[in-house]
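J.: Contents of start09.csv (CSV, C-alpha atoms (C1' of nucleotides)) are given next:
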chain,number,residue,atom,x,y,z
A,1,MET,CA,23.7,41.4,75.4
A,2,VAL,CA,21.0,38.8,76.0
A,3,ILE,CA,20.8,36.9,79.3
A,4,LEU,CA,18.0,34.3,79.7
A,5,ASP,CA,16.9,32.8,83.0
A,6,PRO,CA,15.8,29.2,82.5
A,7,GLU,CA,14.3,29.2,86.0
A,8,SER,CA,12.0,32.2,85.3
A,9,ASN,CA,8.3,31.7,85.1
A,10,ILE,CA,8.5,33.8,82.0
A,11,PRO,CA,8.9,31.6,78.9
A,12,LEU,CA,12.3,31.8,77.2
A,13,TYR,CA,10.9,33.0,73.9
A,14,MET,CA,9.2,35.9,75.7
A,15,GLN,CA,12.3,36.8,77.6
A,16,LEU,CA,14.2,36.9,74.3
A,17,ARG,CA,11.7,39.0,72.4
A,18,THR,CA,11.5,41.5,75.2
A,19,GLN,CA,15.3,41.8,75.4
A,20,ILE,CA,15.6,42.3,71.7
A,21,ILE,CA,13.0,45.1,71.8
A,22,GLU,CA,15.0,46.7,74.7
A,23,ALA,CA,18.2,46.4,72.7
A,24,ILE,CA,16.5,48.4,69.9
A,25,VAL,CA,15.3,50.9,72.5
A,26,ARG,CA,18.8,51.3,73.9
A,27,GLY,CA,20.1,51.8,70.4
A,28,ASP,CA,22.3,48.6,70.4
A,29,LEU,CA,20.3,47.6,67.4
A,30,ALA,CA,19.0,50.1,64.8
A,31,LEU,CA,16.6,50.3,61.9
A,32,GLY,CA,18.1,48.2,59.0
A,33,ASP,CA,20.2,46.0,61.2
A,34,THR,CA,19.9,42.3,60.8
A,35,LEU,CA,19.4,40.0,63.7
A,36,PRO,CA,21.6,36.9,64.1
A,37,SER,CA,20.5,33.7,62.4
A,38,VAL,CA,18.1,31.6,64.4
A,39,ARG,CA,20.7,28.8,64.6
A,40,GLY,CA,23.5,31.2,65.5
A,41,LEU,CA,21.7,32.9,68.3
A,42,ALA,CA,20.3,29.6,69.6
A,43,GLY,CA,23.8,28.3,69.8
A,44,ASP,CA,25.1,31.3,71.6
A,45,LEU,CA,22.2,31.3,74.1
A,46,GLY,CA,22.3,27.5,74.5
A,47,ILE,CA,18.7,27.1,73.6
A,48,ASN,CA,16.8,25.5,70.7
A,49,MET,CA,16.5,27.0,67.3
A,50,HIS,CA,12.7,26.8,67.3
A,51,THR,CA,12.6,28.8,70.5
A,52,VAL,CA,14.5,31.6,68.8
A,53,ASN,CA,12.4,31.3,65.7
A,54,LYS,CA,9.2,31.7,67.8
A,55,SER,CA,10.6,35.0,69.3
A,56,TYR,CA,11.4,36.3,65.8
A,57,HIS,CA,8.0,35.5,64.5
A,58,GLU,CA,6.4,37.3,67.5
A,59,LEU,CA,8.6,40.3,66.7
A,60,GLU,CA,7.4,40.2,63.1
A,61,ALA,CA,3.8,40.0,64.2
A,62,LYS,CA,4.4,43.1,66.2
A,63,GLY,CA,5.8,44.9,63.2
A,64,ILE,CA,9.3,45.2,64.7
A,65,ILE,CA,11.3,43.0,62.3
A,66,GLU,CA,10.8,41.6,58.8
A,67,ILE,CA,11.8,38.0,58.2
A,68,VAL,CA,13.0,37.3,54.7
A,69,PRO,CA,12.9,33.6,53.9
A,70,LYS,CA,16.4,32.1,53.2
A,71,LYS,CA,18.0,35.4,54.1
A,72,GLY,CA,17.5,36.8,57.6
A,73,ALA,CA,15.6,39.1,59.9
A,74,VAL,CA,15.8,42.9,59.5
A,75,ILE,CA,14.7,45.5,62.0
A,76,ILE,CA,12.0,47.7,60.5
A,77,ALA,CA,10.7,49.3,63.7
A,78,ASN,CA,10.8,53.0,63.4
A,79,THR,CA,11.6,54.5,66.8
A,80,GLU,CA,10.8,57.9,65.4
A,81,LYS,CA,7.4,57.5,63.9
A,82,GLY,CA,4.6,56.8,66.4
A,83,PRO,CA,2.7,53.5,66.7
A,84,SER,CA,-0.2,52.5,64.5
A,85,ASN,CA,-3.7,52.4,66.0
A,86,LYS,CA,-3.5,48.6,66.4
A,87,GLN,CA,-0.1,48.8,68.0
A,88,ARG,CA,-1.4,51.4,70.4
A,89,GLU,CA,-4.3,49.2,71.4
A,90,ASP,CA,-2.1,46.2,71.9
A,91,ILE,CA,0.2,48.2,74.2
A,92,THR,CA,-2.8,49.5,76.1
A,93,GLU,CA,-4.1,45.9,76.7
A,94,GLU,CA,-0.6,44.9,77.8
A,95,LEU,CA,-0.4,47.7,80.3
A,96,ARG,CA,-3.9,47.2,81.7
A,97,PRO,CA,-3.2,44.5,84.4
A,98,ALA,CA,-0.1,46.3,85.7
A,99,VAL,CA,-2.0,49.6,85.8
A,100,ALA,CA,-4.9,48.0,87.6
A,101,GLU,CA,-2.5,46.6,90.2
A,102,ALA,CA,-0.9,49.9,90.7
A,103,LEU,CA,-4.3,51.6,91.3
A,104,VAL,CA,-5.5,48.9,93.7
A,105,HIS,CA,-2.5,49.6,95.8
A,106,GLY,CA,-3.2,53.3,96.0
A,107,MET,CA,-0.9,54.7,93.4
A,108,LYS,CA,-2.1,57.9,92.0
A,109,GLU,CA,-1.9,59.0,88.4
A,110,ALA,CA,1.2,61.2,89.1
A,111,ASP,CA,2.9,58.3,90.8
A,112,LEU,CA,2.4,56.1,87.8
A,113,HIS,CA,3.8,58.7,85.5
A,114,GLN,CA,6.8,59.0,87.7
A,115,LEU,CA,7.3,55.3,87.7
A,116,ILE,CA,7.0,55.2,83.9
A,117,SER,CA,9.5,58.0,83.6
A,118,GLU,CA,12.0,56.1,85.8
A,119,LEU,CA,11.5,52.9,83.8
A,120,ILE,CA,12.2,54.8,80.5
A,121,LEU,CA,15.4,56.2,81.9
A,122,LYS,CA,16.6,52.8,83.1
A,123,MET,CA,15.7,51.3,79.8
A,124,LYS,CA,17.4,53.9,77.6
A,125,GLY,CA,20.4,54.1,80.0
A,126,THR,CA,23.4,51.8,80.1
B,1,MET,CA,-19.5,41.8,86.7
B,2,VAL,CA,-16.9,39.3,85.6
B,3,ILE,CA,-16.8,37.9,82.0
B,4,LEU,CA,-14.3,35.3,81.1
B,5,ASP,CA,-13.2,34.3,77.6
B,6,PRO,CA,-12.3,30.6,77.4
B,7,GLU,CA,-10.8,31.1,74.0
B,8,SER,CA,-8.3,33.8,75.2
B,9,ASN,CA,-4.7,33.0,75.3
B,10,ILE,CA,-4.7,34.4,78.8
B,11,PRO,CA,-5.4,31.7,81.4
B,12,LEU,CA,-8.8,31.9,83.1
B,13,TYR,CA,-7.3,32.4,86.6
B,14,MET,CA,-5.4,35.4,85.3
B,15,GLN,CA,-8.4,36.9,83.6
B,16,LEU,CA,-10.3,36.5,86.9
B,17,ARG,CA,-7.7,38.0,89.2
B,18,THR,CA,-7.3,41.0,86.9
B,19,GLN,CA,-11.0,41.6,86.7
B,20,ILE,CA,-11.3,41.4,90.5
B,21,ILE,CA,-8.6,43.9,90.8
B,22,GLU,CA,-10.4,46.2,88.3
B,23,ALA,CA,-13.6,45.7,90.3
B,24,ILE,CA,-11.9,47.1,93.4
B,25,VAL,CA,-10.4,50.0,91.4
B,26,ARG,CA,-13.9,50.8,90.1
B,27,GLY,CA,-15.2,50.8,93.6
B,28,ASP,CA,-17.6,47.8,93.0
B,29,LEU,CA,-15.7,46.1,95.7
B,30,ALA,CA,-14.2,47.9,98.7
B,31,LEU,CA,-11.9,47.4,101.6
B,32,GLY,CA,-13.5,45.0,104.1
B,33,ASP,CA,-15.8,43.4,101.5
B,34,THR,CA,-15.8,39.7,101.2
B,35,LEU,CA,-15.4,37.9,97.9
B,36,PRO,CA,-17.9,35.2,96.9
B,37,SER,CA,-17.0,31.7,98.0
B,38,VAL,CA,-14.8,29.7,95.6
B,39,ARG,CA,-17.6,27.3,94.9
B,40,GLY,CA,-20.2,30.0,94.5
B,41,LEU,CA,-18.2,32.0,92.1
B,42,ALA,CA,-17.0,29.0,90.2
B,43,GLY,CA,-20.6,28.0,89.7
B,44,ASP,CA,-21.6,31.4,88.5
B,45,LEU,CA,-18.7,31.6,86.0
B,46,GLY,CA,-19.1,28.0,84.9
B,47,ILE,CA,-15.5,27.1,85.8
B,48,ASN,CA,-13.8,24.8,88.3
B,49,MET,CA,-13.5,25.6,92.0
B,50,HIS,CA,-9.8,25.1,91.9
B,51,THR,CA,-9.4,27.7,89.2
B,52,VAL,CA,-11.1,30.3,91.3
B,53,ASN,CA,-9.0,29.2,94.3
B,54,LYS,CA,-5.9,29.8,92.3
B,55,SER,CA,-7.0,33.4,91.5
B,56,TYR,CA,-7.7,34.1,95.1
B,57,HIS,CA,-4.3,32.9,96.2
B,58,GLU,CA,-2.6,35.1,93.7
B,59,LEU,CA,-4.6,38.0,95.0
B,60,GLU,CA,-3.5,37.1,98.5
B,61,ALA,CA,0.1,36.9,97.4
B,62,LYS,CA,-0.2,40.4,96.0
B,63,GLY,CA,-1.5,41.6,99.3
B,64,ILE,CA,-5.0,42.4,97.9
B,65,ILE,CA,-7.1,40.0,99.8
B,66,GLU,CA,-6.8,37.9,103.0
B,67,ILE,CA,-8.1,34.4,102.9
B,68,VAL,CA,-9.3,33.2,106.3
B,69,PRO,CA,-9.6,29.4,106.3
B,70,LYS,CA,-13.2,28.1,106.7
B,71,LYS,CA,-14.5,31.6,106.4
B,72,GLY,CA,-13.8,33.5,103.3
B,73,ALA,CA,-11.7,36.1,101.4
B,74,VAL,CA,-11.7,39.7,102.6
B,75,ILE,CA,-10.4,42.7,100.6
B,76,ILE,CA,-7.5,44.3,102.4
B,77,ALA,CA,-6.0,46.4,99.6
B,78,ASN,CA,-5.9,50.0,100.7
B,79,THR,CA,-6.6,52.1,97.6
B,80,GLU,CA,-5.5,55.2,99.6
B,81,LYS,CA,-2.1,54.2,101.0
B,82,GLY,CA,0.6,53.8,98.4
B,83,PRO,CA,2.3,50.5,97.4
B,84,SER,CA,5.1,48.8,99.4
B,85,ASN,CA,8.5,48.8,97.9
B,86,LYS,CA,8.1,45.2,96.7
B,87,GLN,CA,4.7,45.9,95.2
B,88,ARG,CA,6.2,48.9,93.4
B,89,GLU,CA,9.0,46.7,92.0
B,90,ASP,CA,6.5,44.0,90.9
B,91,ILE,CA,4.4,46.6,89.1
B,92,THR,CA,7.6,48.0,87.4
B,93,GLU,CA,8.6,44.6,86.1
B,94,GLU,CA,5.0,44.0,84.9
B,95,LEU,CA,5.1,47.3,83.0
B,96,ARG,CA,8.5,46.7,81.5
B,97,PRO,CA,7.6,44.7,78.3
B,98,ALA,CA,4.7,47.0,77.4
B,99,VAL,CA,6.8,50.1,77.9
B,100,ALA,CA,9.6,48.7,75.8
B,101,GLU,CA,7.1,47.9,73.0
B,102,ALA,CA,5.8,51.4,73.2
B,103,LEU,CA,9.2,53.0,72.9
B,104,VAL,CA,10.3,50.7,70.1
B,105,HIS,CA,7.3,52.0,68.1
B,106,GLY,CA,8.4,55.5,68.7
B,107,MET,CA,6.1,56.6,71.5
B,108,LYS,CA,7.5,59.4,73.5
B,109,GLU,CA,7.4,59.8,77.3
B,110,ALA,CA,4.5,62.3,77.0
B,111,ASP,CA,2.6,59.9,74.7
B,112,LEU,CA,2.9,57.1,77.3
B,113,HIS,CA,1.7,59.4,80.1
B,114,GLN,CA,-1.3,60.3,78.0
B,115,LEU,CA,-2.0,56.6,77.3
B,116,ILE,CA,-1.8,55.8,80.9
B,117,SER,CA,-4.1,58.6,81.8
B,118,GLU,CA,-6.7,57.4,79.3
B,119,LEU,CA,-6.4,53.9,80.7
B,120,ILE,CA,-7.0,55.1,84.2
B,121,LEU,CA,-10.1,57.0,83.1
B,122,LYS,CA,-11.5,54.0,81.3
B,123,MET,CA,-10.7,51.7,84.3
B,124,LYS,CA,-12.3,54.0,86.9
B,125,GLY,CA,-15.3,54.9,84.7
B,126,THR,CA,-18.3,52.8,84.1
C,1,DT,C1',30.2,25.5,41.1
C,2,DT,C1',30.5,23.4,45.1
C,3,DT,C1',29.8,24.4,50.0
C,4,DT,C1',27.8,26.6,53.6
C,5,DT,C1',24.1,29.1,55.6
C,6,DT,C1',19.5,30.6,55.5
C,7,DG,C1',14.5,30.3,57.1
C,8,DT,C1',10.9,26.7,56.8
C,9,DT,C1',8.5,22.6,57.7
C,10,DA,C1',7.6,18.2,59.7
C,11,DT,C1',7.8,14.7,63.2
C,12,DA,C1',8.6,13.3,67.9
C,13,DG,C1',9.3,13.4,72.6
C,14,DT,C1',9.4,15.4,77.5
C,15,DA,C1',8.0,18.4,81.1
C,16,DA,C1',5.3,21.9,83.0
C,17,DA,C1',1.2,24.6,83.2
C,18,DT,C1',-3.8,24.9,82.9
C,19,DA,C1',-8.2,23.2,83.9
C,20,DT,C1',-11.4,19.9,85.3
C,21,DA,C1',-13.5,16.3,88.5
C,22,DG,C1',-14.6,14.1,92.8
C,23,DA,C1',-13.9,13.2,97.4
C,24,DA,C1',-12.9,14.0,102.2
C,25,DC,C1',-11.6,16.9,106.3
C,26,DA,C1',-12.4,20.3,109.8
C,27,DG,C1',-13.8,24.4,111.3
C,28,DT,C1',-17.8,28.4,110.7
C,29,DT,C1',-22.2,29.8,110.3
C,30,DC,C1',-27.1,29.4,110.4
D,1,DG,C1',-27.6,19.3,113.3
D,2,DA,C1',-27.2,21.0,108.5
D,3,DA,C1',-25.2,23.8,105.3
D,4,DC,C1',-21.2,26.2,103.9
D,5,DT,C1',-16.4,27.4,104.2
D,6,DG,C1',-11.3,26.9,102.5
D,7,DT,C1',-8.1,23.1,102.3
D,8,DT,C1',-6.0,19.0,100.7
D,9,DC,C1',-5.6,14.9,98.0
D,10,DT,C1',-5.8,12.0,93.9
D,11,DA,C1',-6.7,11.8,89.0
D,12,DT,C1',-7.1,13.0,84.3
D,13,DA,C1',-7.1,15.7,79.9
D,14,DT,C1',-5.4,19.4,77.2
D,15,DT,C1',-2.3,22.9,76.0
D,16,DT,C1',2.0,25.2,76.2
D,17,DA,C1',6.9,25.4,76.2
D,18,DC,C1',11.1,23.4,74.9
D,19,DT,C1',14.1,20.3,72.9
D,20,DA,C1',15.8,17.1,69.2
D,21,DT,C1',16.4,15.6,64.4
D,22,DA,C1',15.8,15.7,59.8
D,23,DA,C1',15.0,17.3,55.3
D,24,DC,C1',14.0,21.0,51.8
D,25,DA,C1',15.0,24.9,48.8
D,26,DA,C1',16.9,29.2,48.1
D,27,DA,C1',20.6,32.6,49.1
D,28,DA,C1',25.3,33.6,50.0
D,29,DA,C1',30.0,32.6,50.3
D,30,DA,C1',34.0,29.9,49.2
The structure in this file should be written as structure tokens.

T.:
Amino acid sequence: MVILDPESNIPLYMQLRTQIIEAIVRGDLALGDTLPSVRGLAGDLGINMHTVNKSYHELEAKGIIEIVPKKGAVIIANTEKGPSNKQREDITEELRPAVAEALVHGMKEADLHQLISELILKMKGT
Amino acid sequence: MVILDPESNIPLYMQLRTQIIEAIVRGDLALGDTLPSVRGLAGDLGINMHTVNKSYHELEAKGIIEIVPKKGAVIIANTEKGPSNKQREDITEELRPAVAEALVHGMKEADLHQLISELILKMKGT
DNA sequence: TTTTTTGTTATAGTAAATATAGAACAGTTC
DNA sequence: GAACTGTTCTATATTTACTATAACAAAAAA
């Protein structure tokens, strides 16, 4: 279930790619599953085909899906095997600003671990 | 020491505000210290005054500095006291996409804690 | 085999975000 | 008084984000 907020300061294509990733994490989508066609999903969400296409290509760049021309997009992310070195570095840089903000407000290492654990629970939950 | 990358896809004002936060985390800037004037810092960095001003106002919105008109910007972030509820929620939402990406690539909770710990070390170190 | 659907590419346009530039104002500091 | 401060205003250029069509060629379905 994807819900986009057109008023958000977060671009639509980012909201979409994040929610697709979370759908995989929840198990709503699994390895080998195919994503809806760019036209189909765009129609359902009431947004433009190119916006969906941009999300898909970002997911492909992250190694989460594979786009087969003229066919469709298939999930290739292996939620069992760990991340590659590059993926791990990308994740680190993505975490950096938020971690810095946490530390500047006095959060301790243990607090951050707790917060992360809560986030994981919420994300994997209903 | 602030270094900006004009070629980055990350806006200058975001790079700047993140690096100021990290400077506080490192201890290069402390509670009560005043930031350089918007004109002064803009000159040093070779960017526009308004760009620096935008960074400062984002830091103020995050409760990290206080801008006193006609005087300057003072650091009010207390790196000892924990974050407010709102700050904690903001940090959680900022972490969400990166955590989702980590999980989709098969990182386990313990792996993420390890990665966070490494990040904190790097951030507080030289 | 015809039709539909697929991702891709190209062009075009609007709106917002980002960054710069210069000027003026009114307090603060020296 | 002079220099410096953040603030506000106008203005402009560039990039990003999003939408809108259209056309293409290959795959899939009828």

J.: Within 12 Å of A:Lys81, counting only C-alpha atoms (C1' of nucleotides), which residues qualify if same-chain residues fewer than 2 places away don't, as a list in words?

T.: Leu31, Ile76, Ala77, Asn78, Thr79, Pro83 and Ser84 of chain A; Ala102, Leu103, Val104, His105, Gly106, Met107 and Lys108 of chain B

J.: Could you give me, as a PyMOL selection string, the residues that sit within 9 Å of (16.7, 15.8, 70.8) in the file's coordinates, counting only C-alpha atoms (C1' of nucleotides)?

T.: (chain C and resi 12-13) or (chain D and resi 19-21)

J.: Please report as a Markdown table every residue of chain C lying within 12 Å of chain B, along with the nearest atom pair and their distance in Å (one decimal), using all atoms listed in the file.

T.:
| residue | atom | partner | partner_atom | distance |
| --- | --- | --- | --- | --- |
| C:DA17 | C1' | B:Pro11 | CA | 9.9 |
| C:DT18 | C1' | B:Pro11 | CA | 7.1 |
| C:DA19 | C1' | B:Thr51 | CA | 7.1 |
| C:DT20 | C1' | B:Asn48 | CA | 6.2 |
| C:DA21 | C1' | B:Asn48 | CA | 8.5 |
| C:DG22 | C1' | B:Met49 | CA | 11.6 |
| C:DC25 | C1' | B:Lys70 | CA | 11.3 |
| C:DA26 | C1' | B:Lys70 | CA | 8.4 |
| C:DG27 | C1' | B:Lys70 | CA | 5.9 |
| C:DT28 | C1' | B:Lys70 | CA | 6.1 |
| C:DT29 | C1' | B:Lys71 | CA | 8.8 |

J.: Take the point (-2.4, 62.2, 81.6) in the file's coordinates, draw a sphere of radius 12 Å around it, and report as JSON, numbers by chain every protein, DNA or RNA residue with an atom inside or on it, counting all atoms listed in the file.

T.: {"A": [108, 109, 110, 111, 112, 113, 114, 116], "B": [109, 110, 111, 112, 113, 114, 115, 116, 117, 118, 119, 120, 121]}

J.: Using all atoms listed in the file, I'd like every residue of chain D that has an atom within 10 Å of chain B; please write them out as a list in words.

T.: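 On the chain D side, the interface is DC4, DT5, DG6 and DT7 of chain D.
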
J.: Excluding B:Leu45 and residues on its chain fewer than 5 positions from it, collect all residues at most 8 Å away from it, counting all atoms listed in the file, and give them as a PyMOL selection string.

T.: chain B and resi 2-4

J.: Please provide as a PyMOL selection string all residues within 12 Å of B:Glu58, with the sequence filter that same-chain residues fewer than 5 positions apart are discarded (counting all atoms listed in the file).

T.: chain B and resi 13-18+20-21+51-53+63-67+73

J.: So what do you get for atom CA of A:Ile24 versus atom CA of A:Glu93, distance-wise?

T.: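 Taking atom CA of A:Ile24 and atom CA of A:Glu93, their separation equals 21.8 Å.
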
J.: Counting only C-alpha atoms, figure out which residue out of A:Gly82, A:Gly43, A:Gly125, A:Gly32 gets nearest to chain B.

T.: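 So, comparing all the options, the nearest one is A:Gly82.
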
J.: Report, in Å with one decimal, the straight-line distance from atom CA of A:Val99 to atom CA of B:Glu22.

T.: 9.4 Å

J.: What is the atom C1' of C:DT9-atom C1' of D:DA29 distance in Å, reported with one decimal?

T.: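 Separating atom C1' of C:DT9 from atom C1' of D:DA29 is a distance of 24.8 Å.
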
J.: Compare A:Met1, A:Val25, A:Ile75, A:Ile10 by their minimum atom-to-atom distance to chain B, counting only C-alpha atoms, and give me the closest one.

T.: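 Going through A:Met1, A:Val25, A:Ile75, A:Ile10 one by one, the smallest distance to chain B is for A:Val25.
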
J.: For chain B, which residue among A:Ala61, A:Leu29, A:Ala23, A:Leu95 is the nearest when counting all atoms listed in the file?

T.: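 Of the candidates, the smallest distance to chain B is held by A:Leu95.
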